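Undergrad: One structure, as structure tokens, below. Some questions next.
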Amino acid sequence: MSSCSVNSQKSDRQIYMDYQSTTPCDPRVVEKMLPYFTEIFGNPHSISHVHGWAAEQAVENSRAQIATLIGADPRDIIFTSGATEANNLAIKGVAEFHKGQKNHIITCMTEHKCVLDSCRYLEKHGFDVTYLPVDKNGLISLDTLATSITDQTMLVSIMAVNNEIGVIQPIKEIGKICRERGVYFHTDAAQALGKIPLNVDEMNIDLMSLSAHKVYGPKGIGALYVRRKPRIRLNPLIHGGGQERGMRSGTLPTPLCVGFGEACRIAGAEMEEEATRLKTLQEKLYSVITSRISDVYLNGDLEKRIPGNMNLSFAYVEGEGLMGDLTGLSLSSGSACTSASLEPSYVLRAIGVSEDLAHTSLRFGIGRFTTEEEIDYTIERVIGAVERLRAMSPLYEMAKEGIDINTIEWDTH
Amino acid sequence: MKYSEKVIDHFQNPRNVGSLDKTETNVGTGLVGAPSCGDVMKLQIKVNNEGIIEDAKFKTFGCKSAIASSSLATEWIKGKTLDEAKQVKNVDIAKYLALPPVKIHCSVLAEDAIKTAIEDLEKKSKQKTAELA
């Protein structure tokens with residue numbers, strides 16, 4: 001068997017390394033949720049009987065738990081089906097309420113698709129949108145933000161933590177600028193909640209999107225924080241019985257709300273310890289890999305990042321091929337081959353990663369249940385895979401011969 | 001994406017990975033694709049005095065399908081004449097590997113690589129003939 005054949009290592013289970021995509025429910029969360037499926041199953045809006053009151057109590061408890069984690073009042077929390085819906089509601093809801101008064105929105109090129117797509121929708125309906133660029137570390141420039149604000153600007157929407165590269169935007173500073181200029185500040189905090197401290201008053205946040213399934217809660221529930229003092233007004237996307245202060249009609253899914261609340265409670269209690277543990281594991285992953293193989297690049301700021309999200313480019317090796325050699329690990333890649341659109345990651349392109357390097361990236365997402373043993377296994381598998389694929393790579397061969405790949409005239413179809 | 005067993009086999013056990021000396025007059029080199037597209041194939045052939053491809057090597061930067069397509073290509077052209085090798089079509093590669101529609105371009109690139117390597121060889125032999133004249 002040639003040296004390029006796979007050393008087929010059997011692994012008993014699939015190791016999960018994609019915590020940004022979703023997280024498993026913490027068993028404590030599931031335990032809290034269960035009674036609400038079959039025992040305390042009433043409609044939380046049925047205010048005339050015990051079944052309803054019991055469910056309502058549970059929902060209101062959860063609301064308080066979520067609010068506590070972000071320094072808000074429970075009345076500021078509007079439950080939604082997730083952060084995607086929350087982002088849609090924040091952006092479209094605020095825009096449509098203020099239509100005719102102001103029509104400019106500022107966001108950022110590296111936002112999640114649901115934010116970008118909501119903005120594109122608004123552009124087709126008479127709104128102007130500015131998409132701020134980011135520097136090579138993935139961060140926006142506060143000066144550029146400040147100069148982009150006009151008397152027509154009603155909303156700035158910048159995510160707290162980026163899902164692809166894990167960088168933390170200067171939220172407090174952005175909030176300060178927006179408050180000074182009288183512009184609403186919305187932040188998509190789906191990847192930030194429970195990972196870094198958030199406080200809506202200290203950070204001058206007016207609207208914030210939250211997601212349960214990114215913080216060891218159930219899928220299918222999220223929330224939008226909507227400031228009441230001063231009162232933020234928005235048009236609902238979903239009309240009906242007027243639940244959630246008229247902003248989001250529909251019967252609340254009690255077990256999911258309970259799960260979200262419990263996930264927030266746990267995250268608040270364990271955040272610091274968990275962050276320290278994950279930082280140690282991530283540093284091991286990064287330092288060992290980079291000490292054993294050359295030409296590995298970290299995408300995004302080294303310091304201003306959450307522990308647990310590490311996006312690396314492995315030069316000369318294509319991402320999908322690399323993932324193909326990492327059976328036994330569940331990871332994601334910025335390669336075109338792994339995206340539905342066949343284009344490489346727009347986030348990596350926005351931070352200036354060249355197209356060829358964007359094709360070589362892997363995102364390592366670790367979390368609460370990642371063990372050091374899994375990190376050690378991952379390190380060995382990744383090194384083995386990169387070495388095998390580089391032995392097969394004409395680009396690696398050229399680089400070793402001292403040829404600068406950028407000087408070659410490639411035959412692009 | 002579900003891959004056929006043949007793609008997985010060629011990806012895990014690629015045939016003929018390596019390099020030949022591109023300066024030799026009986027070696028043809030085909031370098032196709034682009035790093036910005038995520039697909040680059042280098043395919044080389046060595047031809048003996050009878051005009052038979054006695055050795056073929058490849059190196060590929062690309063996904064499983066790209067690696068499999070180029071590995072298969074080297075396997076198929078070994079032992080053939082240059083004219084026979086020119087007959088290898090991407091549709092045959094795609095069919096054999098059962099490539100899904102979104103990966104057909106990998107087989108096209110492999111066919112391209114073969115043809116480019118043959119062209120390189122033919123150019124070299126024309127030059128050699130011109131020098132001798």
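In the structure tokens, chains take letters A, B, ... by order of appearance, with residues numbered from 1 within each chain and ligands from 1 in the order shown.
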Extract, using only C-alpha atoms, all DNA, RNA and protein residues at most 10 Å from Gly30 (chain B), discarding same-chain residues fewer than 2 positions from it, and format them as a ChimeraX atom specification.

TA: /B:22,28,32,41-45,58,110,112-121

Undergrad: Could you take the residues named above and write them with C-alpha atoms, as a compact mmCIF listing (two decimals), in the first residue's frame?

TA:
```txt
# COMPACT_ATOMS: atom_id res chain seq x y z
CA LYS B 22 9.31 17.14 -16.41
CA GLY B 28 4.57 15.13 -20.84
CA VAL B 32 -4.85 22.25 -15.16
CA MET B 41 -4.47 18.62 -11.21
CA LYS B 42 -0.98 17.78 -12.37
CA LEU B 43 -0.86 14.69 -14.56
CA GLN B 44 2.36 13.38 -16.11
CA ILE B 45 2.98 10.65 -18.66
CA PHE B 58 -0.62 12.54 -10.71
CA ALA B 110 -9.13 15.00 -15.48
CA ASP B 112 -8.23 18.11 -19.65
CA ALA B 113 -5.18 17.02 -17.68
CA ILE B 114 -4.62 14.00 -19.93
CA LYS B 115 -4.97 16.05 -23.10
CA THR B 116 -2.67 18.78 -21.78
CA ALA B 117 0.00 16.23 -20.84
CA ILE B 118 -0.20 14.70 -24.33
CA GLU B 119 0.01 18.14 -25.96
CA ASP B 120 3.10 18.92 -23.90
CA LEU B 121 4.71 15.68 -25.05
```

Undergrad: So which bits of chain B end up alpha helix (DSSP H) when you DSSP the backbone, as a PyMOL selection string?

TA: chain B and resi 5-12+64-77+82-86+90-97+104-132

Undergrad: Find the residues of chain B in contact range of chain A, meaning any atom within 12 Å when counting only C-alpha atoms, and list them as a ChimeraX atom specification.

TA: /B:1-3,7-19,29-44,57-68,70-71,102-103,105-106,108-109,112-113,116

Undergrad: Chain B: which residues are strand (DSSP E or B) by DSSP, as a VMD selection string?

TA: chain B and resid 17 27 to 34 39 to 47 52 to 61 81

Undergrad: Write to file, as a compact mmCIF listing (two decimals), in the first residue's frame, the residues of the selection just made, with C-alpha atoms.

TA:
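The new file selection_19.txt reads:
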```
# COMPACT_ATOMS: atom_id res chain seq x y z
CA VAL B 17 0.67 9.48 -6.84
CA VAL B 27 7.67 13.03 -20.25
CA GLY B 28 4.57 15.13 -20.84
CA THR B 29 3.12 17.31 -18.05
CA GLY B 30 -0.42 18.62 -17.84
CA LEU B 31 -1.19 21.21 -15.13
CA VAL B 32 -4.85 22.25 -15.16
CA GLY B 33 -7.35 24.01 -12.94
CA ALA B 34 -6.75 26.88 -10.49
CA ASP B 39 -9.18 22.23 -8.11
CA VAL B 40 -5.67 21.80 -9.50
CA MET B 41 -4.47 18.62 -11.21
CA LYS B 42 -0.98 17.78 -12.37
CA LEU B 43 -0.86 14.69 -14.56
CA GLN B 44 2.36 13.38 -16.11
CA ILE B 45 2.98 10.65 -18.66
CA LYS B 46 6.14 8.86 -19.69
CA VAL B 47 6.19 7.38 -23.15
CA ILE B 52 3.19 3.48 -25.32
CA ILE B 53 2.50 5.30 -22.04
CA GLU B 54 4.64 3.21 -19.74
CA ASP B 55 4.13 5.32 -16.63
CA ALA B 56 1.70 7.95 -15.43
CA LYS B 57 1.70 9.97 -12.22
CA PHE B 58 -0.62 12.54 -10.71
CA LYS B 59 -0.90 15.09 -7.92
CA THR B 60 -4.18 16.84 -7.15
CA PHE B 61 -5.35 19.70 -4.94
CA THR B 81 -0.81 4.76 -26.95
```

Undergrad: Name the residues in contact with Val88 (chain B) at a cut-off of 9 Å, using only C-alpha atoms, excluding same-chain residues fewer than 4 positions from it; report them as an MDAnalysis selection string.

TA: chainID B and resid 73 76:77 84 92:93 111 114

Undergrad: Which residues, written as a list in words, have at least one atom at most 6 Å from Pro74 (chain A), with only C-alpha atoms counted and residues fewer than 2 positions away on the same chain left out?

TA: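 Returned residues: Arg63, Ala64, Ala67, Asp76 and Ile77 of chain A.
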
Undergrad: Filtering to C-alpha atoms, could you give me those residues as a PDB file, in the first residue's frame?

TA:
```pdb
ATOM      1  CA  ARG A  63     -38.158  34.533  30.680  1.00  0.00           C
ATOM      2  CA  ALA A  64     -36.553  35.773  33.886  1.00  0.00           C
ATOM      3  CA  ALA A  67     -33.195  38.141  31.057  1.00  0.00           C
ATOM      4  CA  ASP A  76     -37.956  42.864  27.543  1.00  0.00           C
ATOM      5  CA  ILE A  77     -37.759  39.259  26.325  1.00  0.00           C
TER       6      ILE A  77
END
```

Undergrad: If we count only C-alpha atoms and set the cut-off at 12 Å, which residues sit around Leu34 (chain A), ignoring sequence neighbours fewer than 6 positions away in its own chain? Please answer as a PyMOL selection string.

TA: chain A and resi 27-28+40-41+218+254-259

Undergrad: Next, the residues of the selection above should be written as an mmCIF file, in the first residue's frame with N, CA and C atoms.

TA:
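Produced file part_26.cif, reproduced below:
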```cif
data_model
loop_
_atom_site.group_PDB
_atom_site.id
_atom_site.type_symbol
_atom_site.label_atom_id
_atom_site.label_comp_id
_atom_site.auth_asym_id
_atom_site.auth_seq_id
_atom_site.Cartn_x
_atom_site.Cartn_y
_atom_site.Cartn_z
ATOM 1 N N PRO A 27 -28.019 17.497 29.491
ATOM 2 C CA PRO A 27 -29.006 16.588 30.100
ATOM 3 C C PRO A 27 -29.831 17.250 31.200
ATOM 4 N N ARG A 28 -29.257 18.209 31.882
ATOM 5 C CA ARG A 28 -30.002 18.915 32.928
ATOM 6 C C ARG A 28 -31.150 19.718 32.326
ATOM 7 N N ILE A 40 -47.420 19.099 32.790
ATOM 8 C CA ILE A 40 -47.779 20.524 32.827
ATOM 9 C C ILE A 40 -47.840 21.015 31.381
ATOM 10 N N PHE A 41 -48.875 20.565 30.692
ATOM 11 C CA PHE A 41 -48.948 20.737 29.226
ATOM 12 C C PHE A 41 -49.876 21.853 28.798
ATOM 13 N N PRO A 218 -32.696 23.517 23.668
ATOM 14 C CA PRO A 218 -33.346 22.817 22.551
ATOM 15 C C PRO A 218 -33.407 23.670 21.276
ATOM 16 N N THR A 254 -44.132 25.734 25.816
ATOM 17 C CA THR A 254 -43.669 25.732 27.208
ATOM 18 C C THR A 254 -42.395 24.910 27.445
ATOM 19 N N PRO A 255 -42.352 23.657 27.005
ATOM 20 C CA PRO A 255 -41.126 22.885 27.290
ATOM 21 C C PRO A 255 -39.885 23.533 26.688
ATOM 22 N N LEU A 256 -40.011 24.098 25.495
ATOM 23 C CA LEU A 256 -38.849 24.723 24.855
ATOM 24 C C LEU A 256 -38.425 25.987 25.615
ATOM 25 N N CYS A 257 -39.411 26.748 26.064
ATOM 26 C CA CYS A 257 -39.095 27.952 26.847
ATOM 27 C C CYS A 257 -38.364 27.554 28.127
ATOM 28 N N VAL A 258 -38.880 26.517 28.772
ATOM 29 C CA VAL A 258 -38.268 26.031 30.018
ATOM 30 C C VAL A 258 -36.836 25.588 29.753
ATOM 31 N N GLY A 259 -36.644 24.872 28.661
ATOM 32 C CA GLY A 259 -35.304 24.405 28.287
ATOM 33 C C GLY A 259 -34.362 25.567 28.043
#
```

Undergrad: Residues at most 9 Å from region 121-127 of chain A, counting only C-alpha atoms, excluding those fewer than 5 positions away in the same chain, as a ChimeraX atom specification?

TA: /A:91-92,95-96,99,102-105,116

Undergrad: If you measure from CA of Ala160 (chain A) to CA of Lys219 (chain A), what distance in Å do you get, rounded to one decimal?

TA: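 Between CA of Ala160 (chain A) and CA of Lys219 (chain A) the gap is 20.5 Å.
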
Undergrad: Which residues of region 21-110 of chain A sit at most 8 Å from region 189-206 of chain A, using only C-alpha atoms? Give each one's shortest atom pair and distance in Å (one decimal place), in chain and ascending residue order, as a Markdown table.

TA:
```
| residue | atom | partner | partner_atom | distance |
| --- | --- | --- | --- | --- |
| A:Leu69 | CA | A:Leu198 | CA | 7.2 |
| A:Ile70 | CA | A:Asn199 | CA | 4.8 |
| A:Gly71 | CA | A:Asn199 | CA | 4.8 |
| A:Ala72 | CA | A:Val200 | CA | 6.4 |
| A:Ala83 | CA | A:Ala190 | CA | 6.3 |
```

Undergrad: Take the residues from that selection and put them in a file with N, CA and C atoms, as a JSON list (two decimals), in the first residue's frame.

TA:
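Printed below is selection.json as written:
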```
[["chain", "number", "residue", "atom", "x", "y", "z"],
["A", 69, "LEU", "N", -29.37, 36.58, 32.32],
["A", 69, "LEU", "CA", -28.09, 36.32, 31.66],
["A", 69, "LEU", "C", -27.61, 37.52, 30.84],
["A", 70, "ILE", "N", -28.55, 38.39, 30.44],
["A", 70, "ILE", "CA", -28.14, 39.54, 29.62],
["A", 70, "ILE", "C", -28.35, 40.88, 30.32],
["A", 71, "GLY", "N", -28.69, 40.82, 31.61],
["A", 71, "GLY", "CA", -28.87, 42.06, 32.37],
["A", 71, "GLY", "C", -30.11, 42.83, 32.00],
["A", 72, "ALA", "N", -31.14, 42.10, 31.58],
["A", 72, "ALA", "CA", -32.38, 42.76, 31.14],
["A", 72, "ALA", "C", -33.52, 42.49, 32.12],
["A", 83, "ALA", "N", -33.01, 32.36, 16.56],
["A", 83, "ALA", "CA", -32.32, 33.63, 16.27],
["A", 83, "ALA", "C", -32.61, 34.12, 14.86]]
```
